[in-house]
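> Below is final.tsv; it holds TSV, C-alpha atoms and all ligand atoms.
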```
chain	number	residue	atom	x	y	z
B	1	MET	CA	130.78	136.39	12.39
B	2	GLU	CA	127.81	136.54	10.11
B	3	SER	CA	124.26	137.03	11.18
B	4	VAL	CA	123.11	134.46	13.66
B	5	GLU	CA	119.79	132.95	12.87
B	6	LEU	CA	117.60	130.85	15.12
B	7	MET	CA	115.80	128.12	13.36
B	8	GLU	CA	113.61	125.25	14.42
B	9	THR	CA	113.84	122.01	12.53
B	10	GLU	CA	110.19	122.23	11.60
B	11	ASN	CA	107.20	124.51	12.06
B	12	SER	CA	106.92	126.35	15.34
B	13	GLU	CA	103.32	125.25	15.88
B	14	ALA	CA	104.70	121.98	17.24
B	15	GLU	CA	106.03	123.91	20.24
B	16	GLN	CA	102.59	124.03	21.81
B	17	GLU	CA	102.30	122.17	25.08
B	18	PRO	CA	100.28	118.99	24.82
B	19	PRO	CA	97.28	119.23	27.15
B	20	THR	CA	97.63	117.38	30.44
B	21	PRO	CA	94.99	114.71	31.04
B	22	GLU	CA	91.99	116.14	32.73
B	23	ILE	CA	88.56	114.68	33.30
B	24	ILE	CA	85.37	116.60	32.88
B	25	ILE	CA	81.87	115.35	33.49
B	26	ASP	CA	80.27	116.07	30.17
B	27	ASP	CA	76.76	114.76	30.43
B	28	ILE	CA	74.68	113.12	33.10
B	29	LEU	CA	71.25	111.71	32.53
B	30	ASP	CA	68.64	113.48	34.63
B	31	PHE	CA	66.72	111.26	36.94
B	32	LYS	CA	63.21	112.21	37.86
B	33	THR	CA	61.93	111.51	41.38
B	34	ASP	CA	58.97	112.80	43.30
B	35	LYS	CA	61.39	115.17	45.05
B	36	GLY	CA	62.43	116.72	41.76
B	37	THR	CA	65.03	116.09	39.07
B	38	ILE	CA	68.45	114.91	40.16
B	39	PRO	CA	71.42	113.88	38.06
B	40	ASP	CA	71.82	110.12	37.77
B	41	PRO	CA	75.42	109.10	38.50
B	42	ARG	CA	74.83	105.77	36.80
B	43	SER	CA	74.85	107.21	33.30
B	44	VAL	CA	77.67	109.63	32.75
B	45	THR	CA	79.80	110.84	29.87
B	46	PHE	CA	83.36	111.62	30.91
B	47	THR	CA	85.54	113.83	28.77
B	48	ILE	CA	89.22	113.01	29.06
B	49	ILE	CA	91.49	115.71	27.66
B	50	GLY	CA	94.78	114.65	26.13
B	51	GLU	CA	93.97	110.99	25.53
B	52	ASP	CA	93.06	109.15	22.32
B	53	HIS	CA	92.29	105.66	20.91
B	54	THR	CA	95.40	104.29	22.63
B	55	LEU	CA	93.85	104.52	26.08
B	56	GLY	CA	90.21	104.93	25.02
B	57	ASN	CA	89.74	101.56	23.37
B	58	ALA	CA	91.66	99.57	25.97
B	59	LEU	CA	89.76	101.31	28.76
B	60	ARG	CA	86.45	100.67	27.03
B	61	TYR	CA	87.37	96.98	26.91
B	62	THR	CA	88.21	96.64	30.62
B	63	ILE	CA	85.14	98.64	31.68
B	64	MET	CA	82.88	96.47	29.52
B	65	LEU	CA	84.25	93.31	31.20
B	66	ASN	CA	82.59	94.43	34.42
B	67	PRO	CA	79.19	92.67	34.66
B	68	GLU	CA	77.79	95.70	36.50
B	69	VAL	CA	78.32	97.83	33.40
B	70	GLU	CA	75.43	97.92	30.95
B	71	TYR	CA	77.06	100.12	28.36
B	72	CYS	CA	80.46	101.61	27.67
B	73	GLY	CA	81.57	103.32	24.52
B	74	TYR	CA	84.01	105.99	23.49
B	75	SER	CA	84.40	108.50	20.71
B	76	ILE	CA	86.83	111.11	19.52
B	77	PRO	CA	84.61	113.99	18.40
B	78	HIS	CA	87.21	115.59	16.14
B	79	PRO	CA	90.68	114.31	15.11
B	80	SER	CA	92.36	117.67	15.60
B	81	GLU	CA	91.10	118.04	19.14
B	82	GLU	CA	92.85	116.04	21.88
B	83	LYS	CA	89.62	114.99	23.46
B	84	LEU	CA	88.04	111.66	24.33
B	85	ASN	CA	84.42	111.13	25.28
B	86	LEU	CA	83.74	108.04	27.38
B	87	ARG	CA	80.15	107.06	28.05
B	88	ILE	CA	79.38	104.67	30.90
B	89	GLN	CA	75.99	103.34	31.95
B	90	THR	CA	75.80	100.98	34.88
B	91	THR	CA	73.31	98.81	36.78
B	92	GLU	CA	71.91	100.14	40.03
B	93	ASN	CA	74.68	98.45	42.04
B	94	ILE	CA	77.50	100.81	41.14
B	95	THR	CA	77.99	104.33	39.77
B	96	ALA	CA	79.71	105.26	36.56
B	97	ILE	CA	82.64	106.74	38.48
B	98	GLU	CA	83.13	103.47	40.32
B	99	ALA	CA	83.00	101.61	37.01
B	100	LEU	CA	85.63	103.93	35.55
B	101	SER	CA	87.89	103.52	38.59
B	102	LYS	CA	87.51	99.77	38.41
B	103	GLY	CA	88.23	99.78	34.68
B	104	LEU	CA	91.40	101.81	35.18
B	105	GLU	CA	92.54	99.50	37.98
B	106	ASP	CA	91.86	96.40	35.84
B	107	LEU	CA	93.74	97.90	32.91
B	108	ARG	CA	96.68	98.61	35.20
B	109	THR	CA	96.63	95.02	36.51
B	110	MET	CA	96.55	93.66	32.97
B	111	CYS	CA	99.29	95.99	31.76
B	112	ASP	CA	101.49	95.19	34.77
B	113	TYR	CA	100.96	91.49	34.21
B	114	ILE	CA	101.93	91.61	30.52
B	115	LYS	CA	104.92	93.83	31.33
B	116	GLU	CA	106.21	91.31	33.89
B	117	LYS	CA	105.67	88.52	31.35
B	118	PHE	CA	107.77	90.43	28.85
B	119	ILE	CA	110.57	91.02	31.36
B	120	LYS	CA	110.67	87.32	32.28
B	121	THR	CA	110.60	86.15	28.66
B	122	ASN	CA	113.25	88.70	27.74
B	123	LEU	CA	115.62	87.50	30.49
B	124	LYS	CA	115.12	83.88	29.50
B	125	PHE	CA	115.69	84.68	25.85
B	126	ASP	CA	118.93	86.57	26.53
B	127	LYS	CA	120.32	83.62	28.49
B	128	LYS	CA	119.46	81.16	25.75
B	129	ALA	CA	121.01	83.34	23.06
B	130	SER	CA	124.26	83.81	24.97
B	131	GLN	CA	124.44	80.08	25.71
B	132	ASP	CA	124.17	79.31	22.02
B	133	GLU	CA	127.04	81.65	21.28
B	134	ASN	CA	129.42	80.08	23.84
X	1	MET	CA	76.73	85.57	41.72
X	2	GLU	CA	80.49	85.53	42.13
X	3	PRO	CA	81.98	88.95	42.82
X	4	TYR	CA	83.77	90.45	39.87
X	5	THR	CA	87.46	90.80	40.67
X	6	GLY	CA	89.01	92.01	37.45
X	7	THR	CA	90.41	90.94	34.13
X	8	ILE	CA	93.41	88.94	35.27
X	9	ASN	CA	91.87	87.46	38.42
X	10	SER	CA	88.61	86.31	36.87
X	11	GLY	CA	89.93	82.96	35.65
X	12	GLY	CA	90.41	81.96	32.04
X	13	ALA	CA	93.63	82.04	30.05
X	14	LYS	CA	96.13	84.69	31.15
X	15	PRO	CA	98.16	86.84	28.75
X	16	GLU	CA	101.43	85.37	27.50
X	17	ILE	CA	104.38	86.73	25.57
X	18	LYS	CA	106.75	84.60	23.53
X	19	ILE	CA	109.84	86.18	21.99
X	20	ASP	CA	110.80	84.60	18.66
X	21	GLU	CA	113.74	86.73	17.67
X	22	LEU	CA	115.84	89.34	19.43
X	23	THR	CA	118.73	91.18	17.79
X	24	SER	CA	120.19	94.65	18.21
X	25	GLU	CA	117.78	95.87	15.50
X	26	ARG	CA	114.53	94.04	16.02
X	27	VAL	CA	112.39	92.03	18.36
X	28	LYS	CA	109.73	89.60	17.19
X	29	PHE	CA	107.18	88.43	19.70
X	30	ILE	CA	103.73	86.90	19.98
X	31	LEU	CA	101.27	88.32	22.49
X	32	THR	CA	98.42	85.95	23.32
X	33	ASN	CA	95.24	85.78	25.40
X	34	THR	CA	94.54	89.48	25.47
X	35	ASP	CA	92.21	91.83	23.64
X	36	LEU	CA	92.84	93.56	20.35
X	37	SER	CA	92.47	96.94	22.08
X	38	MET	CA	95.33	96.10	24.46
X	39	ALA	CA	97.63	94.90	21.67
X	40	ASN	CA	96.76	97.96	19.61
X	41	ALA	CA	97.47	100.29	22.53
X	42	LEU	CA	100.93	98.76	22.79
X	43	ARG	CA	101.50	99.19	19.05
X	44	ARG	CA	100.33	102.80	19.04
X	45	ILE	CA	102.50	103.75	22.02
X	46	MET	CA	105.63	102.16	20.53
X	47	ILE	CA	105.16	104.18	17.34
X	48	ALA	CA	104.10	107.51	18.74
X	49	GLU	CA	104.60	107.90	22.49
X	50	VAL	CA	107.93	106.45	23.53
X	51	ALA	CA	110.18	109.41	24.31
X	52	THR	CA	113.52	109.85	22.54
X	53	ILE	CA	116.02	112.67	22.00
X	54	ALA	CA	116.26	114.53	18.69
X	55	ILE	CA	117.65	117.82	17.45
X	56	ASP	CA	114.94	120.45	17.78
X	57	MET	CA	116.64	123.83	17.40
X	58	VAL	CA	119.47	124.79	15.07
X	59	GLU	CA	121.40	128.03	15.28
X	60	PHE	CA	123.18	128.86	12.02
X	61	GLU	CA	126.41	130.77	12.39
X	62	LEU	CA	127.65	130.06	8.90
X	63	ASN	CA	126.18	128.26	5.91
X	64	THR	CA	127.82	128.77	2.53
X	65	SER	CA	126.76	125.37	1.21
X	66	VAL	CA	124.29	125.05	-1.67
X	67	LEU	CA	121.57	123.90	0.72
X	68	ALA	CA	119.18	126.26	2.46
X	69	ASP	CA	119.33	126.67	6.26
X	70	GLU	CA	115.89	125.14	6.86
X	71	PHE	CA	116.74	122.17	4.65
X	72	ILE	CA	119.83	121.36	6.72
X	73	ALA	CA	117.95	122.02	9.97
X	74	HIS	CA	115.32	119.49	8.92
X	75	ARG	CA	117.95	116.85	8.05
X	76	LEU	CA	119.65	117.38	11.41
X	77	GLY	CA	116.35	116.82	13.17
X	78	LEU	CA	115.97	113.38	11.61
X	79	ILE	CA	119.36	112.03	12.76
X	80	PRO	CA	118.89	109.30	15.40
X	81	LEU	CA	120.61	110.17	18.68
X	82	ASP	CA	121.35	107.63	21.38
X	83	SER	CA	118.23	107.83	23.59
X	84	THR	CA	118.90	105.02	26.07
X	85	GLU	CA	119.19	107.67	28.82
X	86	ALA	CA	116.16	109.65	27.64
X	87	GLU	CA	114.36	108.89	30.89
X	88	LYS	CA	116.92	110.92	32.84
X	89	ILE	CA	116.43	114.00	30.68
X	90	LYS	CA	113.52	116.34	31.35
X	91	TYR	CA	111.00	117.62	28.83
X	92	SER	CA	111.93	121.25	28.32
X	93	ARG	CA	108.33	122.30	29.01
X	94	GLU	CA	108.62	120.65	32.43
X	95	CYS	CA	112.00	122.23	33.17
X	96	SER	CA	112.28	125.31	35.34
X	97	CYS	CA	114.79	126.96	33.01
X	98	GLN	CA	114.08	129.50	30.30
X	99	GLY	CA	114.69	127.87	26.92
X	100	ALA	CA	117.33	125.19	27.34
X	101	CYS	CA	119.66	123.91	30.05
X	102	LYS	CA	121.76	120.81	30.81
X	103	GLU	CA	118.83	119.05	32.44
X	104	CYS	CA	116.47	119.34	29.51
X	105	SER	CA	118.68	119.57	26.44
X	106	VAL	CA	121.91	118.51	24.80
X	107	GLU	CA	124.06	120.74	22.66
X	108	LEU	CA	125.65	119.39	19.50
X	109	ASN	CA	128.06	121.42	17.42
X	110	LEU	CA	128.89	120.98	13.78
X	111	HIS	CA	131.69	122.81	12.01
X	112	VAL	CA	132.94	121.55	8.65
X	113	LYS	CA	134.83	123.37	5.89
X	114	CYS	CA	135.95	122.01	2.54
X	115	THR	CA	139.51	123.08	1.70
X	116	GLU	CA	140.43	120.59	-1.00
X	117	GLU	CA	140.35	121.31	-4.69
X	118	ASP	CA	138.22	119.21	-7.09
X	119	THR	CA	136.57	116.99	-4.48
X	120	THR	CA	133.43	117.24	-2.44
X	121	LYS	CA	133.53	116.97	1.31
X	122	ASP	CA	130.80	114.99	3.00
X	123	VAL	CA	129.25	116.44	6.12
X	124	THR	CA	127.94	113.49	8.14
X	125	SER	CA	126.44	112.73	11.53
X	126	ARG	CA	129.99	111.80	12.64
X	127	ASP	CA	130.95	115.47	12.48
X	128	LEU	CA	128.43	116.35	15.18
X	129	VAL	CA	130.16	116.95	18.51
X	130	SER	CA	127.92	116.42	21.53
X	131	ASN	CA	128.45	118.04	24.92
X	132	ASP	CA	126.82	115.05	26.62
X	133	PRO	CA	128.50	111.64	26.13
X	134	ARG	CA	125.17	109.89	26.79
X	135	VAL	CA	123.51	111.54	23.80
X	136	THR	CA	125.50	111.17	20.59
X	137	PRO	CA	124.54	110.40	17.00
X	138	ILE	CA	124.26	106.63	16.73
X	139	GLN	CA	127.14	104.82	15.08
X	140	ASP	CA	127.42	101.15	14.15
X	141	GLY	CA	131.10	100.52	14.83
X	142	LEU	CA	134.12	102.54	13.72
X	143	LYS	CA	133.63	101.68	10.05
X	144	ASP	CA	130.17	103.26	9.94
X	145	PRO	CA	130.49	106.29	7.62
X	146	GLY	CA	127.64	108.07	9.40
X	147	ILE	CA	124.55	109.71	7.96
X	148	LEU	CA	125.12	112.18	5.13
X	149	ILE	CA	123.88	115.69	5.94
X	150	ALA	CA	125.35	117.80	3.11
X	151	LYS	CA	128.17	117.90	0.55
X	152	LEU	CA	130.60	120.83	0.33
X	153	ARG	CA	132.75	122.16	-2.51
X	154	LYS	CA	136.02	124.07	-1.95
X	155	GLY	CA	135.55	127.14	0.22
X	156	GLN	CA	132.10	126.15	1.44
X	157	GLU	CA	131.52	125.90	5.16
X	158	ILE	CA	128.82	124.97	7.64
X	159	LYS	CA	128.92	126.01	11.28
X	160	VAL	CA	125.87	125.33	13.42
X	161	LYS	CA	124.84	124.83	17.01
X	162	CYS	CA	122.10	122.26	17.55
X	163	ILE	CA	119.89	121.90	20.62
X	164	ALA	CA	118.51	118.39	21.05
X	165	LYS	CA	115.43	117.92	23.18
X	166	LYS	CA	113.28	115.12	24.49
X	167	GLY	CA	110.00	114.51	22.73
X	168	VAL	CA	107.47	112.03	21.40
X	169	ALA	CA	106.52	111.12	17.82
X	170	LYS	CA	102.96	112.31	18.41
X	171	GLU	CA	104.48	115.79	18.08
X	172	HIS	CA	106.98	115.06	15.31
X	173	ALA	CA	107.92	111.74	13.66
X	174	LYS	CA	111.63	112.43	14.21
X	175	TRP	CA	111.11	111.40	17.84
X	176	SER	CA	109.85	107.90	16.94
X	177	PRO	CA	112.17	105.12	18.14
X	178	CYS	CA	110.70	102.70	15.59
X	179	ALA	CA	111.45	102.32	11.93
X	180	ALA	CA	108.48	99.99	11.71
X	181	VAL	CA	106.13	98.03	13.89
X	182	ALA	CA	104.67	95.04	12.08
X	183	PHE	CA	101.41	93.93	13.63
X	184	GLU	CA	99.23	91.02	12.56
X	185	TYR	CA	96.55	88.74	13.88
X	186	ASP	CA	94.57	85.90	12.37
X	187	PRO	CA	96.82	85.22	9.33
X	188	PHE	CA	94.29	82.73	7.91
X	189	ASN	CA	91.51	85.32	8.06
X	190	LYS	CA	89.30	82.96	10.03
X	191	LEU	CA	87.59	85.96	11.63
X	192	ARG	CA	86.77	87.49	8.23
X	193	HIS	CA	88.14	90.88	9.30
X	194	ALA	CA	89.75	91.21	5.85
X	195	HIS	CA	87.89	91.14	2.56
X	196	TYR	CA	90.22	89.91	-0.14
X	197	TRP	CA	89.83	91.30	-3.61
X	198	ILE	CA	90.35	88.38	-5.99
X	199	GLU	CA	90.31	87.55	-9.68
X	200	ASP	CA	90.08	83.76	-9.63
X	201	ASP	CA	91.61	81.99	-6.67
X	202	GLU	CA	91.93	83.47	-3.17
X	203	LYS	CA	94.57	80.95	-2.03
X	204	LYS	CA	96.82	81.65	-5.02
X	205	GLU	CA	96.44	85.41	-5.06
X	206	TRP	CA	96.74	85.93	-1.30
X	207	PRO	CA	99.50	83.67	0.02
X	208	ALA	CA	99.54	83.36	3.81
X	209	SER	CA	102.07	85.49	5.71
X	210	LYS	CA	105.10	84.09	7.57
X	211	ASN	CA	103.14	84.26	10.80
X	212	ALA	CA	100.76	81.60	9.44
X	213	GLU	CA	103.43	79.01	10.29
X	214	LYS	CA	102.91	79.86	13.97
X	215	ASP	CA	99.12	79.98	13.79
X	216	PHE	CA	96.42	77.34	13.56
X	217	PRO	CA	95.03	76.73	10.07
X	218	PRO	CA	91.27	76.27	9.70
X	219	GLY	CA	89.90	72.79	9.11
X	220	ASP	CA	88.53	71.95	5.65
X	221	ASP	CA	84.92	71.99	6.74
X	222	GLU	CA	85.29	74.51	9.57
X	223	VAL	CA	82.23	76.68	10.01
X	224	PHE	CA	82.61	80.44	10.45
X	225	ASP	CA	82.53	81.28	14.15
X	226	PHE	CA	80.98	84.72	14.41
X	227	THR	CA	81.61	84.94	18.17
X	228	ALA	CA	85.37	84.38	17.83
X	229	LYS	CA	87.70	87.23	18.80
X	230	PRO	CA	91.35	87.76	17.94
X	231	ASN	CA	93.64	86.66	20.77
X	232	ARG	CA	97.02	86.00	19.11
X	233	PHE	CA	99.02	89.04	18.01
X	234	TYR	CA	102.26	88.94	16.04
X	235	PHE	CA	104.61	91.89	16.59
X	236	GLU	CA	107.86	92.82	14.96
X	237	VAL	CA	109.48	95.99	16.29
X	238	GLU	CA	112.34	97.46	14.34
X	239	THR	CA	114.40	100.23	15.93
X	240	ILE	CA	116.04	103.15	14.17
X	241	GLY	CA	119.03	102.65	16.46
X	242	SER	CA	118.31	105.25	19.13
X	243	MET	CA	117.06	102.61	21.54
X	244	LYS	CA	117.30	98.82	21.97
X	245	PRO	CA	114.19	97.13	20.55
X	246	GLU	CA	113.36	95.44	23.87
X	247	ASP	CA	113.64	98.83	25.58
X	248	ILE	CA	111.07	100.26	23.18
X	249	VAL	CA	108.61	97.58	24.28
X	250	MET	CA	109.44	98.10	27.95
X	251	ASN	CA	109.11	101.86	27.71
X	252	ALA	CA	105.78	101.41	25.94
X	253	PHE	CA	104.42	99.43	28.89
X	254	LYS	CA	105.73	102.08	31.28
X	255	LYS	CA	104.10	104.81	29.22
X	256	LEU	CA	100.76	103.00	29.23
X	257	LEU	CA	100.95	102.66	33.02
X	258	GLU	CA	101.77	106.37	33.27
X	259	LYS	CA	98.73	107.21	31.15
X	260	ILE	CA	96.50	105.11	33.41
X	261	SER	CA	97.96	106.82	36.49
X	262	SER	CA	97.37	110.30	35.14
X	263	VAL	CA	93.72	109.54	34.40
X	264	GLN	CA	93.36	108.04	37.88
X	265	MET	CA	94.87	111.24	39.29
X	266	GLY	CA	92.40	113.28	37.28
X	267	LEU	CA	89.57	111.21	38.67
X	268	THR	CA	90.53	111.99	42.26
X	269	THR	CA	91.46	115.63	41.91
X	270	ASN	CA	88.92	117.02	39.49
X	271	ASP	CA	85.40	118.21	39.85
X	272	VAL	CA	84.35	114.63	39.15
X	273	ASN	CA	83.73	114.26	42.86
X	274	ALA	CA	81.24	117.07	42.77
X	275	ILE	CA	78.57	114.80	41.34
X	276	ASN	CA	76.49	112.68	43.59
X	277	ARG	CA	78.17	109.37	44.26
X	278	GLU	CA	75.08	107.76	45.69
X	279	PRO	CA	72.72	106.58	42.99
X	280	PRO	CA	69.09	107.41	43.52
X	281	ARG	CA	67.54	104.20	44.81
X	282	GLU	CA	63.89	105.16	44.45
X	283	PHE	CA	62.19	104.45	41.19
T	301	ZN	ZN	116.05	123.21	31.26
```
Go ahead and express the file in the form of structure tokens.

Amino acid sequence: MESVELMETENSEAEQEPPTPEIIIDDILDFKTDKGTIPDPRSVTFTIIGEDHTLGNALRYTIMLNPEVEYCGYSIPHPSEEKLNLRIQTTENITAIEALSKGLEDLRTMCDYIKEKFIKTNLKFDKKASQDEN
Amino acid sequence: MEPYTGTINSGGAKPEIKIDELTSERVKFILTNTDLSMANALRRIMIAEVATIAIDMVEFELNTSVLADEFIAHRLGLIPLDSTEAEKIKYSRECSCQGACKECSVELNLHVKCTEEDTTKDVTSRDLVSNDPRVTPIQDGLKDPGILIAKLRKGQEIKVKCIAKKGVAKEHAKWSPCAAVAFEYDPFNKLRHAHYWIEDDEKKEWPASKNAEKDFPPGDDEVFDFTAKPNRFYFEVETIGSMKPEDIVMNAFKKLLEKISSVQMGLTTNDVNAINREPPREF
């Protein structure tokens, strides 16, 4: 037997583990009161690690649909960093965290709904196709 | 004011999907009444985040062919393997084993030697012998000659052990289940999202796509509606054979739901809760 050589099909850099999604509060607007400065939970930038335009844009859309949200925008600071910044500013009725939770829940509802639609259409289509063949 | 209940529940037209064509290779469908960001998320996931199985490690025992080890290793990586059972296989980074085991990998062996004079012997994907019947190189019937990996002359021999692993195309394109995902909206360019470069006549130089037959052409004196948004998306998903086209779409939805769940998890478990949840009411 000749020398055994281990070889990966491509560069070994690809072996790195992709970061698991993680949320960090990046920036909160300070809110001044007569009792001092406190962070305002109605204007927050969330940093989501491991997500990109795929989730970012869709999430931005569902959050913006909420009438209690005054502003929502996202950015990817650098393309080689798996990092997503999501800025949410809300009215005084809800906090940014609540808006984000609501946005995620709405996106799930929408995604579930479209998925079910696809399953139903797919079943119907299969039946029709097999009927045509017989 | 009416309480806000969410995207689907808040009245208005609900999303619809209509399948136009479904074969073993492709699925054509129209997604309507949803946002561009949602349609684009689906497209991006189908291309880059639906998990499949592909050869990731190659151990060379013998290679006397004219091709270099890394060249052959790269070609092996690109061979589509049946990934319909990919869900049941673990990512090796999530597996408790060191390196590779039955739960997170599949072993494929290749041993070919040319013994005939004056002919070349083709080494193809059909020569790969898998230790897992669920994960084999794809083959379109018995007449399919397989995918060419290398050609051998008399006396030349290749003997390798391949380890196939689960992965996504975000890491390496070999894991993509799609050959192509065609995506279009607004074939008549009513929204003016495209700026056509023309010499004389826009209509002559930019004929409408096939999808225009299923869309609504603008009226002759239709005024540009700057508030209009795209809401009709034409998809055509073509598989490389490792997965059924309808399964690619289904797995994409599942993956999107998983992504939402993991962010929701992050929201409950992280230091997010450390910040004050009660907004300051005094101004
Ligand atoms: Zn393992």
> Enumerate, in order of chain and increasing residue number, the residues of chain X with an atom no farther than 6 Å from ligand ZN 301 (chain T), each with its shortest atom pair and distance in Å to one decimal, counting only C-alpha atoms and all ligand atoms, as a tab-separated table.

```
residue	atom	partner	partner_atom	distance
X:Ser92	CA	T:ZN301	ZN	5.4
X:Cys95	CA	T:ZN301	ZN	4.6
X:Ser96	CA	T:ZN301	ZN	5.9
X:Cys97	CA	T:ZN301	ZN	4.3
X:Ala100	CA	T:ZN301	ZN	4.6
X:Cys101	CA	T:ZN301	ZN	3.9
X:Glu103	CA	T:ZN301	ZN	5.1
X:Cys104	CA	T:ZN301	ZN	4.3
```
> Could you save those same residues with C-alpha atoms as an mmCIF file, in the frame of the given file?

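To be explicit, this is the file written out as selection-v3.cif:
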```
data_model
loop_
_atom_site.group_PDB
_atom_site.id
_atom_site.type_symbol
_atom_site.label_atom_id
_atom_site.label_comp_id
_atom_site.auth_asym_id
_atom_site.auth_seq_id
_atom_site.Cartn_x
_atom_site.Cartn_y
_atom_site.Cartn_z
ATOM 1 C CA SER X 92 111.930 121.250 28.320
ATOM 2 C CA CYS X 95 112.000 122.230 33.170
ATOM 3 C CA SER X 96 112.280 125.310 35.340
ATOM 4 C CA CYS X 97 114.790 126.960 33.010
ATOM 5 C CA ALA X 100 117.330 125.190 27.340
ATOM 6 C CA CYS X 101 119.660 123.910 30.050
ATOM 7 C CA GLU X 103 118.830 119.050 32.440
ATOM 8 C CA CYS X 104 116.470 119.340 29.510
#
```
> Leu142 in chain X: which residues within 12 Å, counting all atoms listed in the file, same-chain residues fewer than 4 positions away excluded, as a list in words?
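Skipping anything fewer than 4 positions along the chain leaves Arg126, Ile138 and Gly146 of chain X.
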> Would you pick out the contacts of range 253-267 of chain X at 8 Å or less, using all atoms listed in the file, so that residues sharing its chain but fewer than 5 positions from it are not included, and give the list as a PDB file with C-alpha atoms, in the coordinates of the input?

```pdb
ATOM      1  CA  PRO B  21      94.990 114.710  31.040  1.00  0.00           C
ATOM      2  CA  GLU B  22      91.990 116.140  32.730  1.00  0.00           C
ATOM      3  CA  ILE B  23      88.560 114.680  33.300  1.00  0.00           C
ATOM      4  CA  ILE B  48      89.220 113.010  29.060  1.00  0.00           C
ATOM      5  CA  LEU B  55      93.850 104.520  26.080  1.00  0.00           C
ATOM      6  CA  SER B 101      87.890 103.520  38.590  1.00  0.00           C
ATOM      7  CA  LEU B 104      91.400 101.810  35.180  1.00  0.00           C
ATOM      8  CA  LEU B 107      93.740  97.900  32.910  1.00  0.00           C
ATOM      9  CA  ARG B 108      96.680  98.610  35.200  1.00  0.00           C
ATOM     10  CA  CYS B 111      99.290  95.990  31.760  1.00  0.00           C
ATOM     11  CA  ASP B 112     101.490  95.190  34.770  1.00  0.00           C
ATOM     12  CA  LYS B 115     104.920  93.830  31.330  1.00  0.00           C
TER      13      LYS B 115
ATOM     14  CA  ALA X  41      97.470 100.290  22.530  1.00  0.00           C
ATOM     15  CA  LEU X  42     100.930  98.760  22.790  1.00  0.00           C
ATOM     16  CA  ILE X  45     102.500 103.750  22.020  1.00  0.00           C
ATOM     17  CA  GLU X  49     104.600 107.900  22.490  1.00  0.00           C
ATOM     18  CA  VAL X  50     107.930 106.450  23.530  1.00  0.00           C
ATOM     19  CA  VAL X 272      84.350 114.630  39.150  1.00  0.00           C
ATOM     20  CA  ASN X 273      83.730 114.260  42.860  1.00  0.00           C
TER      21      ASN X 273
END
```
> I need the residue nearest Ser242 in chain X from this list: X:Gly167, X:Pro137, X:Pro218, X:Pro230. Use all atoms listed in the file for the distance.
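Nearest to Ser242 in chain X: X:Pro137.
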> Smallest atom-to-atom distance to chain X: which of B:Asn57, B:Thr91, B:Thr47, B:Ser75, using only C-alpha atoms?
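Of B:Asn57, B:Thr91, B:Thr47, B:Ser75, the one nearest chain X, counting only C-alpha atoms, is B:Asn57.
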> Could you tell me how far CA of Lys151 in chain X lies from CA of Val123 in chain X, in Å and to one decimal?
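CA of Val123 in chain X lies at a distance of 5.9 Å from CA of Lys151 in chain X.
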> When you count only C-alpha atoms, which of these residues is closest to Ile119 in chain B: X:Met38, X:Ala180, X:Met250, X:Ile55?
X:Met250
> Can you list, as a list of chain:residue names, every protein, DNA or RNA residue that comes within 9 Å of Ile149 in chain X when you count all atoms listed in the file, leaving out same-chain residues fewer than 3 positions away?
X:Ile72, X:Arg75, X:Leu76, X:Ile79, X:Asp122, X:Val123, X:Thr124, X:Ser125
> What lies within 10 Å of Asn189 in chain X using all atoms listed in the file, ignoring chain neighbours under 6 positions off, as a VMD selection string?
chain X and resid 195 to 196 208 217 to 218
> Restricting the calculation to all atoms listed in the file: of B:Pro79, B:Ile114, B:Asn122, B:Leu100, which residue gets closest to Leu65 in chain B?
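Of B:Pro79, B:Ile114, B:Asn122, B:Leu100, the one nearest Leu65 in chain B, counting all atoms listed in the file, is B:Leu100.
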> One decimal, Å: what's the distance from CA of Asp118 in chain X over to CA of Val66 in chain X, could you say?
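Interatomic distance here is 16.0 Å.
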> Calculate how many Å separate CA of Gln156 in chain X from CA of Ser65 in chain X, rounding to one decimal.
5.4 Å
> Smallest atom-to-atom distance to chain X: which of B:Glu51, B:Pro77, B:Ala58, B:Ile88, using only C-alpha atoms?
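Checking each of B:Glu51, B:Pro77, B:Ala58, B:Ile88 against chain X, counting only C-alpha atoms, the winner is B:Ala58.
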> Pick out the closest residue to chain X from this set: B:Lys117, B:His78, B:Lys124, B:Arg87. Count only C-alpha atoms.
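Using only C-alpha atoms, chain X sits closest to B:Lys117.
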